[in-house]
file final-v3.txt (compact mmCIF, C-alpha atoms and all ligand atoms)
# COMPACT_ATOMS: atom_id res chain seq x y z
CA MET B 247 -80.96 -2.25 24.85
CA MET B 248 -83.65 -4.46 23.38
CA ASP B 249 -83.03 -8.18 22.79
CA ILE B 250 -84.16 -8.22 19.18
CA ARG B 251 -82.62 -11.66 18.44
CA SER B 252 -85.10 -13.32 20.78
CA MET B 253 -88.19 -11.80 19.13
CA ASP B 254 -90.59 -13.61 16.86
CA PRO B 255 -92.13 -11.97 13.75
CA GLU B 256 -95.21 -10.87 15.67
CA GLU B 257 -93.12 -9.12 18.31
CA LEU B 258 -90.99 -7.57 15.58
CA ALA B 259 -94.11 -6.32 13.82
CA GLN B 260 -95.19 -4.69 17.07
CA LEU B 261 -91.78 -3.09 17.36
CA CYS B 262 -91.92 -1.76 13.79
CA ARG B 263 -95.39 -0.33 14.40
CA SER B 264 -94.11 1.43 17.52
CA MET B 265 -91.53 3.06 15.25
CA GLY B 266 -94.20 4.27 12.88
CA GLU B 267 -93.71 1.56 10.25
CA PRO B 268 -96.22 -0.95 8.85
CA ALA B 269 -96.38 -4.36 10.49
CA PHE B 270 -95.06 -6.27 7.47
CA ARG B 271 -91.62 -4.81 8.21
CA GLY B 272 -91.53 -7.28 11.11
CA LYS B 273 -91.43 -10.20 8.68
CA GLN B 274 -88.62 -8.61 6.70
CA LEU B 275 -86.71 -7.95 9.87
CA PHE B 276 -87.12 -11.58 10.99
CA GLN B 277 -85.78 -12.79 7.65
CA TRP B 278 -82.72 -10.56 7.92
CA LEU B 279 -82.05 -11.74 11.45
CA ASN B 280 -82.23 -15.33 10.25
CA ARG B 281 -79.56 -14.60 7.66
CA GLY B 282 -77.06 -13.67 10.36
CA VAL B 283 -76.40 -10.05 9.40
CA SER B 284 -74.27 -8.13 11.88
CA SER B 285 -75.62 -4.62 11.32
CA PHE B 286 -78.92 -2.95 10.56
CA GLN B 287 -77.22 -1.13 7.67
CA GLU B 288 -77.16 -4.41 5.74
CA MET B 289 -80.98 -4.64 5.80
CA THR B 290 -81.19 -2.80 2.52
CA ASP B 291 -84.91 -3.18 1.85
CA LEU B 292 -85.84 -1.49 5.14
CA PRO B 293 -86.26 2.31 5.13
CA LYS B 294 -83.21 4.18 6.35
CA GLY B 295 -85.13 5.85 9.17
CA LEU B 296 -86.25 2.51 10.58
CA ARG B 297 -82.74 1.09 10.38
CA GLU B 298 -81.43 4.08 12.33
CA GLN B 299 -84.11 3.79 15.00
CA LEU B 300 -83.37 0.08 15.35
CA ALA B 301 -79.63 0.69 15.64
CA GLU B 302 -80.30 3.15 18.45
CA ARG B 303 -82.42 0.77 20.49
CA CYS B 304 -80.98 -2.69 19.76
CA VAL B 305 -77.56 -4.29 19.42
CA LEU B 306 -76.76 -6.97 16.90
CA CYS B 307 -73.83 -8.86 18.26
CA PRO B 308 -73.29 -12.24 16.61
CA PRO B 309 -71.11 -14.66 18.57
CA ALA B 310 -67.44 -14.61 17.55
CA VAL B 311 -65.47 -17.79 16.88
CA GLU B 312 -63.01 -17.87 19.78
CA ARG B 313 -61.72 -21.34 18.92
CA LYS B 314 -62.66 -23.91 16.33
CA GLN B 315 -61.46 -27.51 16.35
CA VAL B 316 -62.07 -29.94 13.54
CA SER B 317 -61.78 -33.66 14.25
CA ALA B 318 -59.43 -35.45 11.90
CA LEU B 319 -61.29 -38.67 12.68
CA ASP B 320 -64.89 -37.91 11.74
CA GLY B 321 -65.22 -34.25 10.72
CA THR B 322 -66.88 -33.22 13.97
CA ILE B 323 -66.42 -29.48 14.52
CA LYS B 324 -66.35 -27.94 17.93
CA TYR B 325 -66.89 -24.20 18.33
CA LEU B 326 -66.03 -22.08 21.30
CA TRP B 327 -68.08 -18.90 20.87
CA ARG B 328 -67.37 -15.63 22.60
CA MET B 329 -70.53 -13.66 23.25
CA GLY B 330 -71.12 -9.94 23.57
CA ASP B 331 -70.49 -9.91 27.33
CA GLY B 332 -67.21 -11.84 27.00
CA ASN B 333 -68.52 -15.20 28.21
CA CYS B 334 -67.75 -18.33 26.21
CA ILE B 335 -69.97 -21.27 25.32
CA GLU B 336 -69.59 -24.36 23.13
CA SER B 337 -71.50 -25.91 20.26
CA VAL B 338 -70.59 -29.09 18.40
CA LEU B 339 -71.47 -30.02 14.83
CA MET B 340 -71.71 -33.78 14.25
CA ARG B 341 -72.21 -35.57 10.95
CA TYR B 342 -74.60 -38.47 11.25
CA GLN B 343 -76.20 -40.59 8.58
CA HIS B 344 -79.62 -39.27 9.65
CA GLY B 345 -78.52 -35.65 9.29
CA ASN B 346 -76.11 -32.96 10.38
CA THR B 347 -76.68 -32.31 14.04
CA VAL B 348 -75.65 -29.37 16.18
CA CYS B 349 -75.35 -29.77 19.92
CA ILE B 350 -75.94 -26.45 21.66
CA SER B 351 -75.47 -25.01 25.15
CA SER B 352 -78.36 -23.63 27.17
CA GLN B 353 -76.51 -21.76 29.94
CA VAL B 354 -73.09 -20.31 30.66
CA GLY B 355 -71.92 -22.99 33.10
CA CYS B 356 -74.33 -25.14 35.09
CA ARG B 357 -75.52 -25.33 38.69
CA MET B 358 -76.65 -28.96 38.72
CA GLY B 359 -73.32 -30.23 40.06
CA CYS B 360 -73.15 -33.72 38.48
CA VAL B 361 -69.78 -35.06 39.63
CA PHE B 362 -68.70 -36.52 36.26
CA CYS B 363 -69.49 -33.42 34.18
CA ALA B 364 -67.03 -30.69 33.17
CA SER B 365 -69.79 -28.12 32.59
CA THR B 366 -70.46 -27.80 36.25
CA ILE B 367 -66.96 -26.63 37.21
CA GLY B 368 -67.32 -22.98 38.23
CA GLY B 369 -71.11 -23.22 38.59
CA LYS B 370 -73.68 -21.31 36.59
CA VAL B 371 -72.75 -17.84 35.36
CA ARG B 372 -76.01 -16.97 33.60
CA ASP B 373 -78.82 -18.24 31.39
CA LEU B 374 -78.56 -17.88 27.63
CA THR B 375 -81.26 -15.90 25.83
CA ALA B 376 -83.48 -17.44 23.16
CA GLY B 377 -81.50 -15.41 20.61
CA GLU B 378 -78.20 -16.84 21.87
CA LEU B 379 -79.59 -20.37 21.56
CA LEU B 380 -80.71 -19.63 18.01
CA ASP B 381 -77.39 -17.97 17.11
CA GLN B 382 -75.52 -21.17 17.93
CA VAL B 383 -77.52 -23.05 15.31
CA LEU B 384 -77.43 -20.27 12.75
CA PHE B 385 -73.74 -19.38 13.03
CA THR B 386 -72.62 -22.99 13.17
CA GLN B 387 -74.41 -23.45 9.85
CA LEU B 388 -73.07 -20.20 8.37
CA ASP B 389 -69.47 -20.71 9.49
CA SER B 390 -69.23 -24.39 8.53
CA GLY B 391 -71.30 -24.19 5.35
CA VAL B 392 -72.97 -27.43 6.48
CA PRO B 393 -76.79 -27.37 6.36
CA ILE B 394 -78.14 -28.35 9.76
CA SER B 395 -81.19 -30.57 10.05
CA ASN B 396 -81.08 -31.68 13.69
CA ILE B 397 -80.55 -30.02 17.06
CA VAL B 398 -79.70 -31.52 20.41
CA LEU B 399 -79.87 -29.45 23.59
CA MET B 400 -77.07 -31.41 25.24
CA GLY B 401 -74.27 -28.87 25.56
CA ILE B 402 -73.32 -26.84 28.60
CA GLY B 403 -76.16 -26.11 31.03
CA GLU B 404 -79.48 -27.58 32.08
CA PRO B 405 -82.14 -26.58 29.51
CA LEU B 406 -85.07 -27.07 31.89
CA ASP B 407 -83.36 -24.72 34.37
CA ASN B 408 -83.73 -22.06 31.64
CA PHE B 409 -87.26 -23.09 30.71
CA ASP B 410 -88.78 -19.92 29.25
CA CYS B 411 -85.86 -19.04 26.98
CA VAL B 412 -85.64 -22.63 25.76
CA MET B 413 -89.37 -22.65 24.92
CA LYS B 414 -89.00 -19.37 23.11
CA PHE B 415 -86.02 -20.72 21.18
CA LEU B 416 -87.93 -23.86 20.17
CA ASN B 417 -90.68 -21.71 18.74
CA LEU B 418 -88.21 -19.51 16.82
CA VAL B 419 -86.12 -22.30 15.32
CA ASN B 420 -89.20 -24.30 14.39
CA ARG B 421 -90.90 -21.54 12.39
CA PRO B 422 -91.30 -22.13 8.66
CA ASP B 423 -90.27 -18.52 8.05
CA GLY B 424 -87.20 -19.08 10.24
CA MET B 425 -84.78 -22.02 10.28
CA ASN B 426 -87.72 -24.39 9.92
CA ILE B 427 -86.30 -27.27 11.94
CA GLY B 428 -89.05 -29.74 12.83
CA MET B 429 -89.72 -30.68 16.44
CA ARG B 430 -89.06 -34.31 15.62
CA HIS B 431 -85.54 -33.28 14.68
CA ILE B 432 -84.89 -31.74 18.10
CA SER B 433 -83.79 -33.51 21.30
CA LEU B 434 -83.73 -31.97 24.73
CA SER B 435 -81.69 -33.53 27.50
CA THR B 436 -82.36 -33.00 31.20
CA CYS B 437 -80.66 -34.19 34.38
CA GLY B 438 -84.13 -34.87 35.78
CA LEU B 439 -85.92 -31.72 36.96
CA ALA B 440 -89.19 -33.60 37.45
CA GLU B 441 -91.44 -30.56 37.91
CA GLU B 442 -90.20 -29.02 34.67
CA ILE B 443 -90.67 -32.35 32.87
CA ASP B 444 -94.32 -32.20 34.01
CA LYS B 445 -94.56 -28.63 32.74
CA LEU B 446 -92.98 -29.51 29.40
CA ALA B 447 -95.37 -32.45 28.96
CA ARG B 448 -98.31 -30.07 28.91
CA TYR B 449 -97.00 -28.42 25.72
CA ARG B 450 -97.19 -31.79 23.96
CA LEU B 451 -94.24 -31.05 21.72
CA GLN B 452 -93.05 -33.75 19.37
CA LEU B 453 -89.42 -33.33 20.35
CA THR B 454 -87.41 -36.18 21.88
CA LEU B 455 -86.85 -35.96 25.61
CA SER B 456 -83.61 -37.46 26.90
CA VAL B 457 -83.27 -38.07 30.60
CA SER B 458 -79.77 -38.35 32.05
CA LEU B 459 -80.34 -41.23 34.42
CA HIS B 460 -76.87 -42.71 35.01
CA ALA B 461 -78.05 -44.87 37.92
CA PRO B 462 -81.25 -46.80 38.71
CA ASP B 463 -80.85 -46.68 42.51
CA ASN B 464 -81.04 -43.63 44.76
CA GLU B 465 -77.84 -44.36 46.64
CA THR B 466 -75.70 -44.25 43.50
CA ARG B 467 -77.67 -41.47 41.81
CA ASP B 468 -77.52 -39.27 44.94
CA ARG B 469 -73.78 -39.61 44.84
CA LEU B 470 -73.44 -38.77 41.14
CA MET B 471 -76.19 -36.19 40.69
CA PRO B 472 -77.26 -33.78 43.46
CA VAL B 473 -80.58 -33.22 41.62
CA ASN B 474 -81.57 -36.71 42.75
CA ARG B 475 -81.86 -35.50 46.34
CA ALA B 476 -84.65 -33.17 45.21
CA PHE B 477 -86.27 -35.60 42.77
CA PRO B 478 -85.39 -39.21 43.57
CA VAL B 479 -85.62 -42.01 41.03
CA GLU B 480 -89.26 -42.96 41.75
CA ARG B 481 -90.38 -39.34 41.43
CA LEU B 482 -88.42 -38.92 38.21
CA PHE B 483 -89.89 -42.06 36.65
CA ARG B 484 -93.38 -40.92 37.61
CA SER B 485 -92.83 -37.75 35.58
CA CYS B 486 -91.33 -39.75 32.73
CA ARG B 487 -94.35 -42.05 32.60
CA ARG B 488 -96.67 -39.05 32.59
CA TYR B 489 -94.59 -37.42 29.87
CA PHE B 490 -95.05 -40.43 27.63
CA GLU B 491 -98.77 -40.55 28.34
CA GLU B 492 -99.21 -36.87 27.48
CA THR B 493 -97.01 -36.72 24.39
CA GLY B 494 -96.89 -40.28 23.06
CA ARG B 495 -93.13 -39.83 22.71
CA ARG B 496 -90.74 -42.48 23.97
CA ILE B 497 -88.08 -41.20 26.33
CA SER B 498 -84.41 -41.84 25.79
CA TYR B 499 -82.43 -42.60 28.98
CA GLU B 500 -78.79 -41.57 28.97
CA TYR B 501 -76.47 -43.76 31.00
CA ALA B 502 -72.74 -42.99 31.18
CA MET B 503 -70.89 -46.18 32.07
CA ILE B 504 -68.66 -45.59 35.10
CA ASP B 505 -66.23 -48.19 36.39
CA ARG B 506 -67.58 -49.98 39.48
CA ILE B 507 -70.09 -47.24 40.22
CA ASN B 508 -73.10 -47.93 38.02
CA ASP B 509 -72.07 -50.89 35.84
CA ALA B 510 -73.04 -53.89 38.01
CA ASP B 511 -75.42 -56.64 36.88
CA TRP B 512 -77.87 -55.83 39.67
CA GLN B 513 -78.08 -52.26 38.39
CA ALA B 514 -78.94 -53.50 34.89
CA ASP B 515 -81.62 -55.73 36.43
CA LEU B 516 -83.06 -52.87 38.49
CA LEU B 517 -83.06 -50.52 35.50
CA ALA B 518 -84.93 -53.06 33.38
CA GLU B 519 -87.42 -53.54 36.21
CA GLN B 520 -88.10 -49.80 36.38
CA LEU B 521 -88.57 -49.46 32.64
CA LYS B 522 -91.27 -52.12 32.59
CA GLY B 523 -94.55 -50.78 31.30
CA GLN B 524 -93.11 -47.56 29.93
CA PRO B 525 -91.75 -47.51 26.41
CA GLY B 526 -88.27 -46.09 26.57
CA HIS B 527 -84.85 -46.68 25.22
CA VAL B 528 -81.47 -46.74 26.94
CA ASN B 529 -78.41 -45.06 25.47
CA LEU B 530 -75.16 -46.26 27.03
CA ILE B 531 -72.42 -43.62 26.84
CA PRO B 532 -68.73 -44.33 27.29
CA LEU B 533 -67.65 -42.01 30.13
CA ASN B 534 -65.47 -39.18 28.95
CA ASP B 535 -62.57 -38.67 31.28
CA VAL B 536 -62.82 -35.51 33.33
CA ARG B 537 -59.70 -35.54 35.45
CA GLU B 538 -61.20 -33.67 38.41
CA SER B 539 -63.86 -36.32 38.96
CA GLY B 540 -61.62 -39.29 39.73
CA LEU B 541 -64.10 -41.54 37.88
CA ARG B 542 -63.02 -43.99 35.20
CA PRO B 543 -64.79 -45.42 32.17
CA SER B 544 -66.41 -48.82 32.71
CA ARG B 545 -65.09 -51.93 31.00
CA ARG B 546 -68.42 -53.72 31.30
CA THR B 547 -70.46 -51.86 28.70
CA ALA B 548 -71.05 -54.90 26.51
CA GLN B 549 -72.11 -57.11 29.46
CA PHE B 550 -74.38 -54.38 30.78
CA GLN B 551 -75.93 -53.97 27.35
CA HIS B 552 -76.56 -57.70 26.93
CA ARG B 553 -78.04 -57.98 30.39
CA LEU B 554 -80.51 -55.18 29.64
CA GLU B 555 -81.34 -56.73 26.28
CA ALA B 556 -82.00 -60.08 27.93
CA HIS B 557 -84.74 -58.26 29.89
CA GLY B 558 -86.20 -56.93 26.63
CA VAL B 559 -84.90 -53.37 26.93
CA THR B 560 -83.92 -51.52 23.74
CA VAL B 561 -80.30 -50.41 24.09
CA THR B 562 -77.86 -48.49 21.95
CA VAL B 563 -74.23 -47.68 22.66
CA ARG B 564 -73.31 -44.16 21.66
CA ARG B 565 -70.61 -43.68 19.08
CA ARG B 566 -67.84 -41.39 20.20
CA LEU B 567 -67.51 -38.52 17.79
CA GLY B 568 -64.80 -35.92 18.15
CA SER B 569 -62.93 -37.69 20.94
CA ASP B 570 -59.70 -36.11 19.66
CA ILE B 571 -60.99 -32.55 20.12
CA ASP B 572 -62.48 -32.46 23.65
CA ALA B 573 -65.88 -32.58 22.00
CA SER B 574 -67.92 -33.32 25.05
CA CYS B 575 -69.75 -31.58 27.80
CA GLY B 576 -67.90 -28.39 28.63
CA GLN B 577 -64.43 -29.79 28.11
CA LEU B 578 -63.29 -27.06 25.74
CA ARG B 579 -64.64 -24.26 27.92
CA ARG B 580 -62.99 -25.91 30.92
CA LYS B 581 -59.65 -25.88 29.10
CA GLN B 582 -60.13 -22.22 28.27
CA MET B 583 -60.90 -21.46 31.92
CA LEU B 584 -57.75 -23.29 33.11
CA GLN B 585 -55.41 -21.61 30.61
CA PRO B 586 -56.99 -18.40 29.36
N1 LIG N 601 -78.02 -30.79 31.64
C1 LIG N 601 -78.51 -31.70 30.64
C2 LIG N 601 -77.83 -31.58 29.29
C3 LIG N 601 -76.33 -31.45 29.22
S1 LIG N 601 -75.24 -32.83 29.46
C4 LIG N 601 -78.45 -33.12 31.13
O1 LIG N 601 -77.94 -33.34 32.21
O2 LIG N 601 -78.96 -34.00 30.47
C5 LIG N 601 -75.44 -33.90 28.12
C6 LIG N 601 -75.19 -35.37 28.53
O3 LIG N 601 -73.80 -35.67 28.72
C7 LIG N 601 -75.89 -35.73 29.80
O4 LIG N 601 -76.49 -36.99 29.65
C8 LIG N 601 -74.72 -35.81 30.78
O5 LIG N 601 -75.06 -36.55 31.90
C9 LIG N 601 -73.64 -36.39 29.92
N2 LIG N 601 -72.28 -36.25 30.44
C10 LIG N 601 -71.78 -35.25 31.17
N3 LIG N 601 -70.49 -35.48 31.47
C11 LIG N 601 -70.16 -36.65 30.90
C12 LIG N 601 -68.95 -37.43 30.86
N4 LIG N 601 -67.84 -37.05 31.47
N5 LIG N 601 -68.99 -38.59 30.17
C13 LIG N 601 -70.12 -39.00 29.54
N6 LIG N 601 -71.28 -38.31 29.55
C14 LIG N 601 -71.30 -37.15 30.24
call {"tool": "encode", "arguments": {"input": "final-v3.txt", "output": "structure tokens"}}
result
Amino acid sequence: MMDIRSMDPEELAQLCRSMGEPAFRGKQLFQWLNRGVSSFQEMTDLPKGLREQLAERCVLCPPAVERKQVSALDGTIKYLWRMGDGNCIESVLMRYQHGNTVCISSQVGCRMGCVFCASTIGGKVRDLTAGELLDQVLFTQLDSGVPISNIVLMGIGEPLDNFDCVMKFLNLVNRPDGMNIGMRHISLSTCGLAEEIDKLARYRLQLTLSVSLHAPDNETRDRLMPVNRAFPVERLFRSCRRYFEETGRRISYEYAMIDRINDADWQADLLAEQLKGQPGHVNLIPLNDVRESGLRPSRRTAQFQHRLEAHGVTVTVRRRLGSDIDASCGQLRRKQMLQP
């Protein structure tokens, strides 16, 4: 079966031509797909013969809402989607002043193995297709009725470990004839695959790159994030510096505050030292408890923040949205896996 959800209008035009139809049918088809229809029958302005040919060669299988949790605190909505093959993934809709933001998953599971992260439990099952990435944005908007203006690739999975599909998705979601979400309204978060950061830099996209740093020294980072053994801190920062030079975009460094692991004054000093001469911004995240990890949230976030600021580093502390609904990092899928 053909993966029609991942095709752009040009590819759809090609497909229509191969079925003996004029190319402009591709545009119509793209518009229908961006409206979230679940059958070719609904595409009423396409000739019946084309609809039948399409139905024979492609499946339209929108994700089904397996679970939906709405935060009573801040209106955050967390979706657990069941996909055509039975696998589940999560997306989270957050209401910010600067716009409604959906956080989407890039893989079913994850193979990066960060010790504090729930997404990694059970490893990676498979990559998501470009169409499945797009569907998370589209169906979150359709189901909630909330118009989405921003996207963060910070859900389950490592987006740069699924590079081609993510690039394809960015192109689809960005198109004016599609969802038309501007690159500056998109953030992509990576655990630090330095070679892929170099590759991404060459596209010179205007999206925001977030790097999950979590420790400024190799000893601590090795312990928290296996990826650091392949790309240690110096190597990672070299790619980050290059990324800024290529794109002109400041990088955002994510730093989950973990009790007595990465919250010492010397670590703030070292982090500030490393950020010298490269415009970046640090986002301190309160650690979400994942029982399996044995790690606890730090109580030194304010001190750590002030110490960084004293060195001239720009720091924000992330607000916790949806903390009453397991709204972070694979926690809902984990629950589902433990008690199906
Ligand atoms: N694989 C990508 C994107 C997914 S994780 C990445 O690593 O960046 C999104 C963010 O949540 C990352 O910064 C990740 O390190 C962080 N995170 C994961 N588990 C967390 C936890 N228990 N508490 C706080 N942040 C966590």
call {"tool": "residues_around", "arguments": {"input": "final-v3.txt", "residues": "Arg271 in chain B", "least_positions_apart": "5", "cutoff": "8 Å", "atoms": "only C-alpha atoms", "output": "ChimeraX atom specification"}}
result
/B:258-259,262,292
call {"tool": "residues_near_point", "arguments": {"input": "final-v3.txt", "point": "(-78.6, -24.8, 11.0)", "cutoff": "9 Å", "atoms": "only C-alpha atoms", "output": "PyMOL selection string"}}
result
chain B and resi 346-348+380+382-388+392-397+425+427
call {"tool": "atom_distance", "arguments": {"input": "final-v3.txt", "atom1": "CA of Thr560 in chain B", "atom2": "CA of Glu492 in chain B"}}
result
21.5 Å
call {"tool": "residues_near_point", "arguments": {"input": "final-v3.txt", "point": "(-73.2, -46.5, 25.0)", "cutoff": "12 Å", "atoms": "all atoms listed in the file", "output": "PyMOL selection string"}}
result
chain B and resi 460+499-504+509+527-534+543-552+560-566
call {"tool": "residues_around", "arguments": {"input": "final-v3.txt", "residues": "Pro462 in chain B", "least_positions_apart": "4", "cutoff": "7 Å", "atoms": "all atoms listed in the file", "output": "ChimeraX atom specification"}}
result
/B:479,513,516-517
call {"tool": "residues_near_ligand", "arguments": {"input": "final-v3.txt", "ligand": "ligand LIG 601 (chain N)", "cutoff": "8 Å", "atoms": "all atoms listed in the file", "output": "ChimeraX atom specification"}}
result
/B:351,356,358,360,362-365,399-406,434-438,456-460,500-503,531-536,574-575
call {"tool": "residues_around", "arguments": {"input": "final-v3.txt", "residues": "Thr454 in chain B", "least_positions_apart": "4", "cutoff": "10 Å", "atoms": "all atoms listed in the file", "output": "PyMOL selection string"}}
result
chain B and resi 398+429-435+493+495-498
call {"tool": "atom_distance", "arguments": {"input": "final-v3.txt", "atom1": "CA of Leu379 in chain B", "atom2": "CA of Met289 in chain B"}}
result
22.3 Å
call {"tool": "closest_residue", "arguments": {"input": "final-v3.txt", "among": "B:Lys294, B:Arg303, B:Arg484, B:Arg341", "to": "Asp320 in chain B", "atoms": "all atoms listed in the file"}}
result
B:Arg341
call {"tool": "build_atoms", "arguments": {"input": "final-v3.txt", "residues": "range 503-515 of chain B", "atoms": "N, CA, C and O atoms", "output": "tab-separated table (two decimals), in the coordinates of the input"}}
result
chain	number	residue	atom	x	y	z
B	503	MET	N	-71.39	-44.98	31.39
B	503	MET	CA	-70.89	-46.18	32.07
B	503	MET	C	-69.63	-45.85	32.87
B	503	MET	O	-68.59	-45.51	32.31
B	504	ILE	N	-69.75	-45.98	34.21
B	504	ILE	CA	-68.66	-45.59	35.10
B	504	ILE	C	-68.15	-46.82	35.86
B	504	ILE	O	-68.94	-47.54	36.50
B	505	ASP	N	-66.88	-47.02	35.80
B	505	ASP	CA	-66.23	-48.19	36.39
B	505	ASP	C	-66.62	-48.40	37.85
B	505	ASP	O	-66.38	-47.53	38.70
B	506	ARG	N	-67.21	-49.55	38.13
B	506	ARG	CA	-67.58	-49.98	39.48
B	506	ARG	C	-68.46	-49.00	40.27
B	506	ARG	O	-68.51	-49.02	41.50
B	507	ILE	N	-69.15	-48.14	39.56
B	507	ILE	CA	-70.09	-47.24	40.22
B	507	ILE	C	-71.52	-47.59	39.81
B	507	ILE	O	-72.40	-47.77	40.65
B	508	ASN	N	-71.73	-47.70	38.49
B	508	ASN	CA	-73.10	-47.93	38.02
B	508	ASN	C	-73.18	-49.06	36.99
B	508	ASN	O	-74.16	-49.17	36.27
B	509	ASP	N	-72.13	-49.91	36.93
B	509	ASP	CA	-72.07	-50.89	35.84
B	509	ASP	C	-72.27	-52.33	36.30
B	509	ASP	O	-71.94	-53.28	35.58
B	510	ALA	N	-72.84	-52.52	37.50
B	510	ALA	CA	-73.04	-53.89	38.01
B	510	ALA	C	-74.28	-54.55	37.40
B	510	ALA	O	-75.20	-53.86	36.98
B	511	ASP	N	-74.27	-55.89	37.41
B	511	ASP	CA	-75.42	-56.64	36.88
B	511	ASP	C	-76.71	-56.27	37.61
B	511	ASP	O	-77.76	-56.11	36.98
B	512	TRP	N	-76.63	-56.12	38.93
B	512	TRP	CA	-77.87	-55.83	39.67
B	512	TRP	C	-78.45	-54.49	39.25
B	512	TRP	O	-79.67	-54.29	39.28
B	513	GLN	N	-77.58	-53.57	38.83
B	513	GLN	CA	-78.08	-52.26	38.39
B	513	GLN	C	-78.77	-52.36	37.02
B	513	GLN	O	-79.78	-51.71	36.78
B	514	ALA	N	-78.25	-53.25	36.17
B	514	ALA	CA	-78.94	-53.50	34.89
B	514	ALA	C	-80.31	-54.12	35.16
B	514	ALA	O	-81.31	-53.73	34.55
B	515	ASP	N	-80.34	-55.07	36.11
B	515	ASP	CA	-81.62	-55.73	36.43
B	515	ASP	C	-82.63	-54.73	36.97
B	515	ASP	O	-83.80	-54.72	36.59
